[in-house]
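Content type mmCIF, C-alpha atoms, from the file structure.cif:
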data_my_file
loop_
_atom_site.label_atom_id
_atom_site.label_comp_id
_atom_site.auth_asym_id
_atom_site.auth_seq_id
_atom_site.Cartn_x
_atom_site.Cartn_y
_atom_site.Cartn_z
CA MET A 614 -14.43 -4.30 -7.08
CA ARG A 615 -14.14 -3.16 -3.48
CA HIS A 616 -10.82 -3.75 -1.75
CA THR A 617 -11.34 -3.78 2.00
CA LEU A 618 -8.22 -3.99 4.12
CA PHE A 619 -8.80 -7.06 6.27
CA LEU A 620 -6.21 -7.82 8.90
CA ALA A 621 -5.19 -11.27 10.13
CA LEU A 622 -7.50 -14.16 10.76
CA ALA A 623 -7.00 -15.72 14.18
CA LEU A 624 -7.37 -19.46 14.50
CA ALA A 625 -6.69 -19.37 18.23
CA PRO A 626 -7.60 -16.90 20.98
CA ALA A 627 -5.63 -13.66 20.82
CA ALA A 628 -3.82 -14.53 24.05
CA HIS A 629 -2.15 -17.44 22.25
CA ALA A 630 -1.26 -15.52 19.08
CA THR A 631 2.42 -15.67 18.19
CA THR A 632 2.49 -12.64 15.87
CA PRO A 633 1.22 -9.15 16.73
CA GLU A 634 -1.37 -7.66 14.41
CA PRO A 635 0.00 -4.78 12.31
CA LYS A 636 -2.47 -1.90 12.31
CA ALA A 637 -2.99 -0.11 9.03
CA GLY A 638 -1.85 3.49 8.90
CA VAL A 639 -3.41 6.54 7.27
CA SER A 640 -4.09 7.28 3.61
CA PHE A 641 -5.41 10.57 2.31
CA ASP A 642 -5.69 12.33 -1.07
CA HIS A 643 -6.40 15.94 -1.88
CA ASN A 644 -6.12 17.35 -5.39
CA ASP A 645 -2.59 16.72 -6.73
CA TRP A 646 -1.15 15.37 -3.46
CA SER A 647 -1.46 12.02 -1.68
CA LEU A 648 -0.43 10.77 1.76
CA ALA A 649 0.31 7.31 3.12
CA CYS A 650 1.46 6.70 6.69
CA ASP A 651 2.40 3.17 7.72
CA ASN A 652 2.25 1.24 10.99
CA THR A 653 5.73 2.44 12.04
CA ARG A 654 4.51 6.08 11.83
CA THR A 655 6.60 6.79 8.73
CA CYS A 656 4.66 9.05 6.37
CA ARG A 657 5.15 9.67 2.66
CA ALA A 658 3.51 12.57 0.84
CA ALA A 659 3.58 12.59 -2.96
CA GLY A 660 2.84 15.58 -5.16
CA TYR A 661 2.38 15.40 -8.92
CA SER A 662 2.53 17.59 -11.98
CA PRO A 663 -0.75 19.17 -13.01
CA GLU A 664 -2.77 16.65 -15.02
CA GLU A 665 -1.81 17.52 -18.56
CA PRO A 666 -0.32 15.43 -21.36
CA GLY A 667 3.40 14.79 -21.11
CA ASN A 668 4.01 16.18 -17.62
CA LEU A 669 5.02 13.17 -15.53
CA LEU A 670 7.09 14.56 -12.66
CA SER A 671 6.44 13.71 -9.02
CA LEU A 672 7.94 14.83 -5.72
CA MET A 673 7.85 12.73 -2.53
CA LEU A 674 8.43 13.96 1.01
CA GLU A 675 9.17 11.22 3.55
CA ARG A 676 9.39 11.54 7.32
CA ALA A 677 9.81 8.92 10.02
CA GLY A 678 7.94 9.18 13.29
CA GLY A 679 9.43 10.58 16.47
CA PRO A 680 10.73 13.91 17.80
CA GLY A 681 13.09 15.81 15.55
CA ALA A 682 12.75 13.44 12.57
CA PRO A 683 13.94 15.14 9.36
CA VAL A 684 12.05 15.35 6.09
CA VAL A 685 13.76 13.86 3.05
CA ALA A 686 12.67 14.56 -0.53
CA ARG A 687 12.92 12.60 -3.76
CA LEU A 688 12.14 13.43 -7.38
CA ARG A 689 10.75 11.04 -9.96
CA ASN A 690 10.94 11.94 -13.65
CA GLY A 691 8.42 9.49 -15.08
CA GLU A 692 8.01 8.41 -18.67
CA ASP A 693 5.21 6.88 -20.68
CA GLY A 694 7.13 5.99 -23.82
CA GLU A 695 5.38 8.63 -25.89
CA SER A 696 5.55 12.07 -24.28
CA PRO A 697 8.55 14.40 -24.43
CA MET A 698 10.63 14.45 -21.26
CA PRO A 699 12.90 16.96 -19.56
CA THR A 700 16.32 16.69 -21.15
CA GLY A 701 19.82 17.47 -19.95
CA ALA A 702 20.81 18.59 -16.46
CA LEU A 703 17.83 19.41 -14.24
CA ARG A 704 17.51 22.24 -11.73
CA LEU A 705 14.93 23.03 -9.07
CA ARG A 706 13.24 26.43 -9.13
CA LEU A 707 10.96 27.49 -6.29
CA ASN A 708 8.88 30.67 -6.50
CA GLY A 709 11.26 31.94 -9.16
CA LYS A 710 14.47 31.19 -7.22
CA ASP A 711 17.02 28.72 -8.57
CA LEU A 712 17.78 26.16 -5.83
CA GLY A 713 20.40 24.20 -7.72
CA PRO A 714 20.73 20.86 -9.53
CA VAL A 715 18.49 17.84 -8.94
CA ARG A 716 18.46 14.26 -10.21
CA ASP A 717 15.87 11.52 -10.58
CA THR A 718 15.89 9.35 -7.48
CA GLY A 719 16.36 6.18 -9.54
CA ASP A 720 14.84 2.73 -9.18
CA GLY A 721 16.42 2.26 -5.74
CA GLU A 722 15.07 5.63 -4.54
CA LYS A 723 18.51 6.38 -3.09
CA ILE A 724 19.06 9.86 -4.53
CA LEU A 725 17.72 12.67 -2.32
CA LEU A 726 17.26 16.36 -2.84
CA GLN A 727 19.77 18.48 -0.97
CA LYS A 728 18.76 19.40 2.58
CA ALA A 729 18.58 23.10 1.73
CA GLN A 730 16.25 22.32 -1.20
CA THR A 731 14.04 20.15 1.00
CA ASP A 732 13.90 22.76 3.75
CA ALA A 733 12.87 25.41 1.24
CA LEU A 734 10.12 23.20 -0.18
CA VAL A 735 8.79 22.31 3.28
CA ALA A 736 8.70 26.00 4.24
CA ALA A 737 6.94 27.07 1.03
CA LEU A 738 4.42 24.28 0.44
CA PRO A 739 1.92 25.16 3.20
CA ARG A 740 1.58 28.67 1.78
CA GLN A 741 2.34 29.04 -1.92
CA ALA A 742 4.90 27.07 -3.83
CA ARG A 743 5.52 27.47 -7.55
CA ILE A 744 7.67 24.39 -8.05
CA GLU A 745 9.42 23.93 -11.38
CA ILE A 746 12.02 21.55 -12.73
CA VAL A 747 14.03 23.39 -15.36
CA ASP A 748 15.73 21.20 -17.95
CA GLY A 749 18.92 21.69 -19.92
CA LYS A 750 17.08 23.58 -22.64
CA GLY A 751 15.58 26.03 -20.16
CA LYS A 752 12.06 24.58 -20.33
CA ALA A 753 10.17 24.64 -17.00
CA TRP A 754 8.18 21.56 -15.94
CA PRO A 755 5.82 22.29 -13.02
CA ILE A 756 4.92 20.22 -9.96
CA SER A 757 1.60 21.22 -8.44
CA ASP A 758 1.19 22.55 -4.89
CA SER A 759 -2.59 22.05 -5.02
CA GLY A 760 -3.55 19.88 -2.06
CA ALA A 761 -0.15 20.06 -0.37
CA THR A 762 -1.31 22.04 2.68
CA ALA A 763 -4.12 19.59 3.49
CA VAL A 764 -1.86 16.57 2.97
CA LEU A 765 1.00 17.93 5.09
CA LEU A 766 -1.44 18.91 7.81
CA LYS A 767 -2.76 15.34 7.78
CA MET A 768 0.83 14.08 8.04
CA ASP A 769 1.41 16.24 11.12
CA GLU A 770 -1.79 14.91 12.66
CA ALA A 771 -0.92 11.27 11.95
CA GLN A 772 2.53 11.67 13.51
CA GLY A 773 1.28 13.62 16.54
CA ARG A 774 3.16 16.80 15.59
CA LEU A 775 0.34 19.35 15.62
CA GLY A 776 1.29 22.37 17.70
CA THR A 777 4.96 21.42 18.00
CA PRO A 778 7.94 23.36 16.59
CA GLY A 779 8.58 20.53 14.12
CA ALA A 780 5.10 20.53 12.59
CA LEU A 781 5.03 21.18 8.86
CA VAL A 782 1.86 23.26 8.87
CA ARG A 783 0.35 24.06 12.27
CA ARG A 784 3.35 24.87 14.45
CA GLY A 785 3.25 25.83 18.11
CA ASP A 786 5.19 25.76 21.37
CA LYS A 787 4.12 22.30 22.50
CA ALA A 788 7.24 20.34 23.48
CA GLU A 789 8.89 18.48 20.61
CA ALA A 790 9.48 15.62 23.07
CA SER A 791 5.70 15.06 23.12
CA VAL A 792 5.79 13.70 19.56
CA PRO A 793 5.12 9.92 19.68
CA ALA A 794 8.17 7.79 18.94
CA ALA A 795 8.48 5.76 15.77
CA LEU A 796 7.15 2.22 16.16
CA PRO A 797 9.26 -0.84 15.40
CA MET A 798 8.59 -2.75 12.23
CA PRO A 799 6.74 -5.99 13.08
CA VAL A 800 8.58 -9.23 12.43
CA VAL A 801 6.51 -12.10 11.08
CA VAL A 802 7.96 -15.60 10.90
CA HIS A 803 6.21 -17.72 8.30
CA GLY A 804 5.14 -21.19 9.26
CA LYS A 805 5.42 -24.50 7.46
CA LEU A 806 2.73 -26.37 5.60
CA ALA A 807 1.68 -29.83 6.67
CA PRO A 808 1.91 -32.54 3.99
CA ALA A 809 -1.19 -32.99 1.83
CA ARG A 810 -3.51 -35.86 2.69
CA SER A 811 -5.20 -38.22 0.29
CA GLY A 812 -8.66 -36.90 1.12
CA ASP A 813 -7.87 -33.20 0.78
CA ALA A 814 -8.88 -32.87 -2.88
CA ALA A 815 -12.28 -34.42 -2.17
CA LEU A 816 -13.09 -31.62 0.27
CA ALA A 817 -13.50 -29.29 -2.71
CA ASN A 818 -16.59 -31.23 -3.77
CA ALA A 819 -18.30 -31.27 -0.39
CA PRO A 820 -21.54 -29.22 -0.65
CA ALA A 821 -21.38 -28.48 3.08
CA LEU A 822 -17.95 -26.90 2.70
CA ARG A 823 -19.19 -24.58 -0.04
CA LYS A 824 -22.09 -23.57 2.21
CA ALA A 825 -19.64 -22.95 5.05
CA LEU A 826 -17.64 -20.57 2.84
CA GLN A 827 -20.77 -18.67 1.94
CA ALA A 828 -22.00 -18.48 5.53
CA SER A 829 -18.68 -17.07 6.78
CA LEU A 830 -18.61 -14.04 4.48
CA PRO A 831 -18.83 -10.79 6.47
CA ASN A 832 -21.17 -9.44 3.78
CA ALA A 833 -22.32 -10.45 0.30
CA ASP A 834 -20.08 -7.89 -1.45
CA GLU A 835 -16.90 -9.52 -0.18
CA CYS A 836 -17.23 -12.37 -2.67
CA ARG A 837 -20.20 -11.97 -4.98
CA ARG A 838 -19.61 -15.19 -6.92
CA VAL A 839 -19.82 -17.22 -3.72
CA SER A 840 -22.67 -15.26 -2.17
CA GLU A 841 -24.70 -15.58 -5.38
CA GLY A 842 -24.18 -19.33 -5.55
CA GLU A 843 -21.74 -19.65 -8.46
CA GLN A 844 -20.14 -23.10 -8.61
CA ASP A 845 -16.54 -22.16 -9.37
CA GLU A 846 -13.85 -24.71 -8.62
CA ILE A 847 -12.56 -24.73 -5.04
CA ASP A 848 -8.83 -25.22 -4.49
CA ILE A 849 -7.60 -26.89 -1.31
CA VAL A 850 -4.15 -26.58 0.30
CA ARG A 851 -3.30 -28.38 3.55
CA LEU A 852 -2.18 -25.91 6.24
CA ASP A 853 -1.81 -28.02 9.40
CA GLY A 854 -3.12 -31.18 10.95
CA SER A 855 -6.71 -29.99 11.13
CA HIS A 856 -7.07 -27.01 8.78
CA VAL A 857 -6.93 -26.41 5.04
CA LEU A 858 -6.88 -23.26 2.96
CA ALA A 859 -9.88 -23.14 0.61
CA SER A 860 -10.02 -20.65 -2.27
CA THR A 861 -12.38 -19.88 -5.11
CA SER A 862 -13.11 -17.07 -7.55
CA CYS A 863 -14.71 -13.88 -6.22
CA PHE A 864 -14.31 -11.32 -9.00
CA MET A 865 -13.41 -11.45 -12.68
CA GLY A 866 -13.00 -8.23 -14.65
CA ALA A 867 -11.31 -6.79 -17.70
CA TYR A 868 -7.89 -6.36 -16.04
CA ASN A 869 -8.31 -7.55 -12.45
CA PHE A 870 -9.44 -10.74 -10.81
CA SER A 871 -9.49 -11.90 -7.22
CA SER A 872 -10.19 -15.01 -5.21
CA GLY A 873 -11.57 -15.53 -1.75
CA TYR A 874 -9.54 -17.40 0.86
CA TRP A 875 -10.79 -19.22 3.93
CA VAL A 876 -9.13 -21.27 6.66
CA VAL A 877 -11.39 -24.28 7.08
CA GLN A 878 -11.48 -27.17 9.50
CA ASP A 879 -11.01 -30.35 7.49
CA LYS A 880 -14.07 -32.13 8.92
CA ALA A 881 -17.75 -31.27 8.91
CA PRO A 882 -19.22 -28.85 9.82
CA TYR A 883 -15.96 -27.24 8.55
CA GLN A 884 -16.21 -23.92 10.45
CA ALA A 885 -14.80 -21.83 7.62
CA ARG A 886 -13.23 -18.52 8.59
CA PHE A 887 -12.81 -15.82 5.99
CA VAL A 888 -9.35 -14.33 5.38
CA THR A 889 -9.74 -12.00 2.38
CA SER A 890 -11.02 -11.54 -1.15
CA ASP A 891 -8.16 -9.14 -1.97
CA ALA A 892 -5.71 -11.81 -3.12
CA GLU A 893 -4.94 -13.60 -6.38
CA ASP A 894 -2.78 -16.52 -5.35
CA PHE A 895 -1.14 -18.40 -2.47
CA ASP A 896 2.60 -19.00 -2.77
CA THR A 897 3.39 -22.22 -0.95
CA ASP A 898 7.12 -21.46 -1.00
CA ASP A 899 6.86 -18.44 1.29
CA MET A 900 3.35 -19.08 2.71
CA THR A 901 2.05 -15.79 1.33
CA LEU A 902 -1.30 -14.71 -0.04
CA ARG A 903 -0.78 -11.90 -2.56
CA GLY A 904 -3.00 -9.49 -4.39
CA ARG A 905 -1.89 -6.91 -6.96
CA PHE A 906 -4.59 -4.83 -8.62
CA ARG A 907 -4.54 -2.22 -11.36
CA GLY A 908 -6.27 1.04 -10.66
CA ARG A 909 -7.01 1.30 -14.37
CA GLY A 910 -6.33 -0.66 -17.50
CA ILE A 911 -3.14 1.08 -18.67
CA GLY A 912 -1.38 -0.07 -15.50
CA ASP A 913 -0.18 3.31 -14.23
CA CYS A 914 -1.33 2.72 -10.64
CA PHE A 915 -1.62 -0.38 -8.46
CA SER A 916 -2.63 -1.47 -5.00
CA GLY A 917 -1.25 -4.51 -3.23
CA HIS A 918 -1.77 -6.68 -0.13
CA ASP A 919 0.09 -9.61 1.42
CA TRP A 920 -0.82 -12.07 4.17
CA VAL A 921 1.65 -14.59 5.61
CA TRP A 922 0.74 -17.91 7.24
CA ASP A 923 2.60 -17.96 10.57
CA GLY A 924 1.59 -21.50 11.48
CA GLN A 925 -1.56 -20.44 13.31
CA ARG A 926 -3.20 -17.78 11.18
CA PHE A 927 -2.75 -15.42 8.26
CA VAL A 928 -1.16 -12.13 9.30
CA LYS A 929 -1.41 -9.09 7.07
CA THR A 930 2.17 -8.05 6.37
CA SER A 931 1.87 -5.50 3.57
CA ALA A 932 -0.56 -2.97 2.12
CA PHE A 933 0.38 -0.26 -0.36
CA THR A 934 -0.54 1.74 -3.41
CA THR A 935 1.71 3.24 -6.07
CA GLY A 936 0.04 6.63 -5.73
CA GLN A 937 -2.16 8.52 -8.13
CA CYS A 938 -2.79 7.32 -11.69
CA ARG A 939 -0.60 9.72 -13.66
CA GLY A 940 0.39 7.90 -16.83
CA VAL A 941 3.61 6.26 -15.61
CA ALA A 942 3.74 2.48 -15.98
CA GLY A 943 3.66 0.89 -12.54
CA GLY A 944 3.09 4.23 -10.82
CA HIS A 945 5.63 6.68 -9.43
CA TRP A 946 6.11 5.47 -5.83
CA THR A 947 5.39 2.74 -3.32
CA LEU A 948 3.21 4.29 -0.60
CA PRO A 949 2.62 1.70 2.14
CA THR A 950 0.14 1.71 5.01
CA ILE A 951 1.35 -1.64 6.40
CA VAL A 952 4.98 -2.77 6.46
CA SER A 953 6.70 -5.70 8.15
CA THR A 954 9.76 -7.89 8.03
CA VAL A 955 9.00 -11.49 7.03
CA LYS A 956 11.44 -14.25 7.94
#

Just dump the structure as structure tokens.
Amino acid sequence: MRHTLFLALALAPAAHATTPEPKAGVSFDHNDWSLACDNTRTCRAAGYSPEEPGNLLSLMLERAGGPGAPVVARLRNGEDGESPMPTGALRLRLNGKDLGPVRDTGDGEKILLQKAQTDALVAALPRQARIEIVDGKGKAWPISDSGATAVLLKMDEAQGRLGTPGALVRRGDKAEASVPAALPMPVVVHGKLAPARSGDAALANAPALRKALQASLPNADECRRVSEGEQDEIDIVRLDGSHVLASTSCFMGAYNFSSGYWVVQDKAPYQARFVTSDAEDFDTDDMTLRGRFRGRGIGDCFSGHDWVWDGQRFVKTSAFTTGQCRGVAGGHWTLPTIVSTVK
């Protein structure tokens, strides 16, 4: 199944839009490291243990946009319920040097590595970094540096830091003040749904509406079951005085499924407008379309997307992955490319 990141669907000209469109940030993977930068210019780079049974550590470096922004680091000691884990007090060792105690960042991701530890990692990673977590029994658990240089270089590029003193990889004498400022997090105010009408359910059986859904698809792959003429049930939810939300099945697999969603005029010829096929349900309490998809069957990596009805259109408010599939239930981190505040 292909998950294309569609942004909001406008029901009115852009000049009349009440909510700005969040623009998706950057995502990039190279070997054992991954990068996600969101629409506020905050970037998160995650590095993992070498892919071998029972090694489930991950390190994340996070940096906000703007001149002089510091790097903060977190450690995640994952578990799969089967493999042995580091035991006792943990210490960080970098290129053979003991850098002191470290702790798992916890579910709230509030625990950080010490600044001196983070600075040492940032200095070493673009060259050669033998990163080890040493447990209370003296056993060393490695975190890979393979891919780190490419990922950190991409982070510098995404944040406009190349050639500045604060760049992580390609430093220079370009003024630090030239680094673009962090962008504010968009605020999306969800709208209200109009009351259902007696004729709404009958719209689901209108052949012309089904044809309108099919005709509005940007391409056949967006919703194969509709484009190939499958007659799955269509669900109808009243949005406002002249539009409904129509949805029907697009993909059904072993551990994922998705539906397609359209905003449709409630009278012929319907003029259906496609929102997404990357969602599973519409929550009428908070006006949100949501999709959560497993990267593989054991559920150790996910991607997710949200769209909020603001009274005029669906605005994409969230897009994220949980990072690479490394055996930890639910994934190690949340790595967003779109963030927003919904009220």

Q: Run through the PyMOL selection byres ((chain A and resi 949) around 12) on the given coordinates and return the selected residues as a VMD selection string.
A: chain A and resid 636 to 641 647 to 658 675 915 to 919 930 to 936 946 to 948 950 to 953

Q.
To one decimal place in Å, what is the distance between CA of Leu766 (chain A) and CA of Arg676 (chain A)?
A.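 Straight-line distance from CA of Leu766 (chain A) to CA of Arg676 (chain A) works out to 13.1 Å.
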
Q: Provide the CA of Ala686 (chain A) to CA of Gly904 (chain A) distance in Å, to one decimal place.
A: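 One can read the CA of Ala686 (chain A) to CA of Gly904 (chain A) distance as 29.0 Å.
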
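With CA of Glu692 (chain A) on one side and CA of Ser871 (chain A) on the other, the separation reads 29.2 Å.
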
Q) Mind telling me what the PyMOL selection byres ((chain A and resi 794) around 9) catches here, as a ChimeraX atom specification? A) /A:654,678-680,772,790-793,795-796
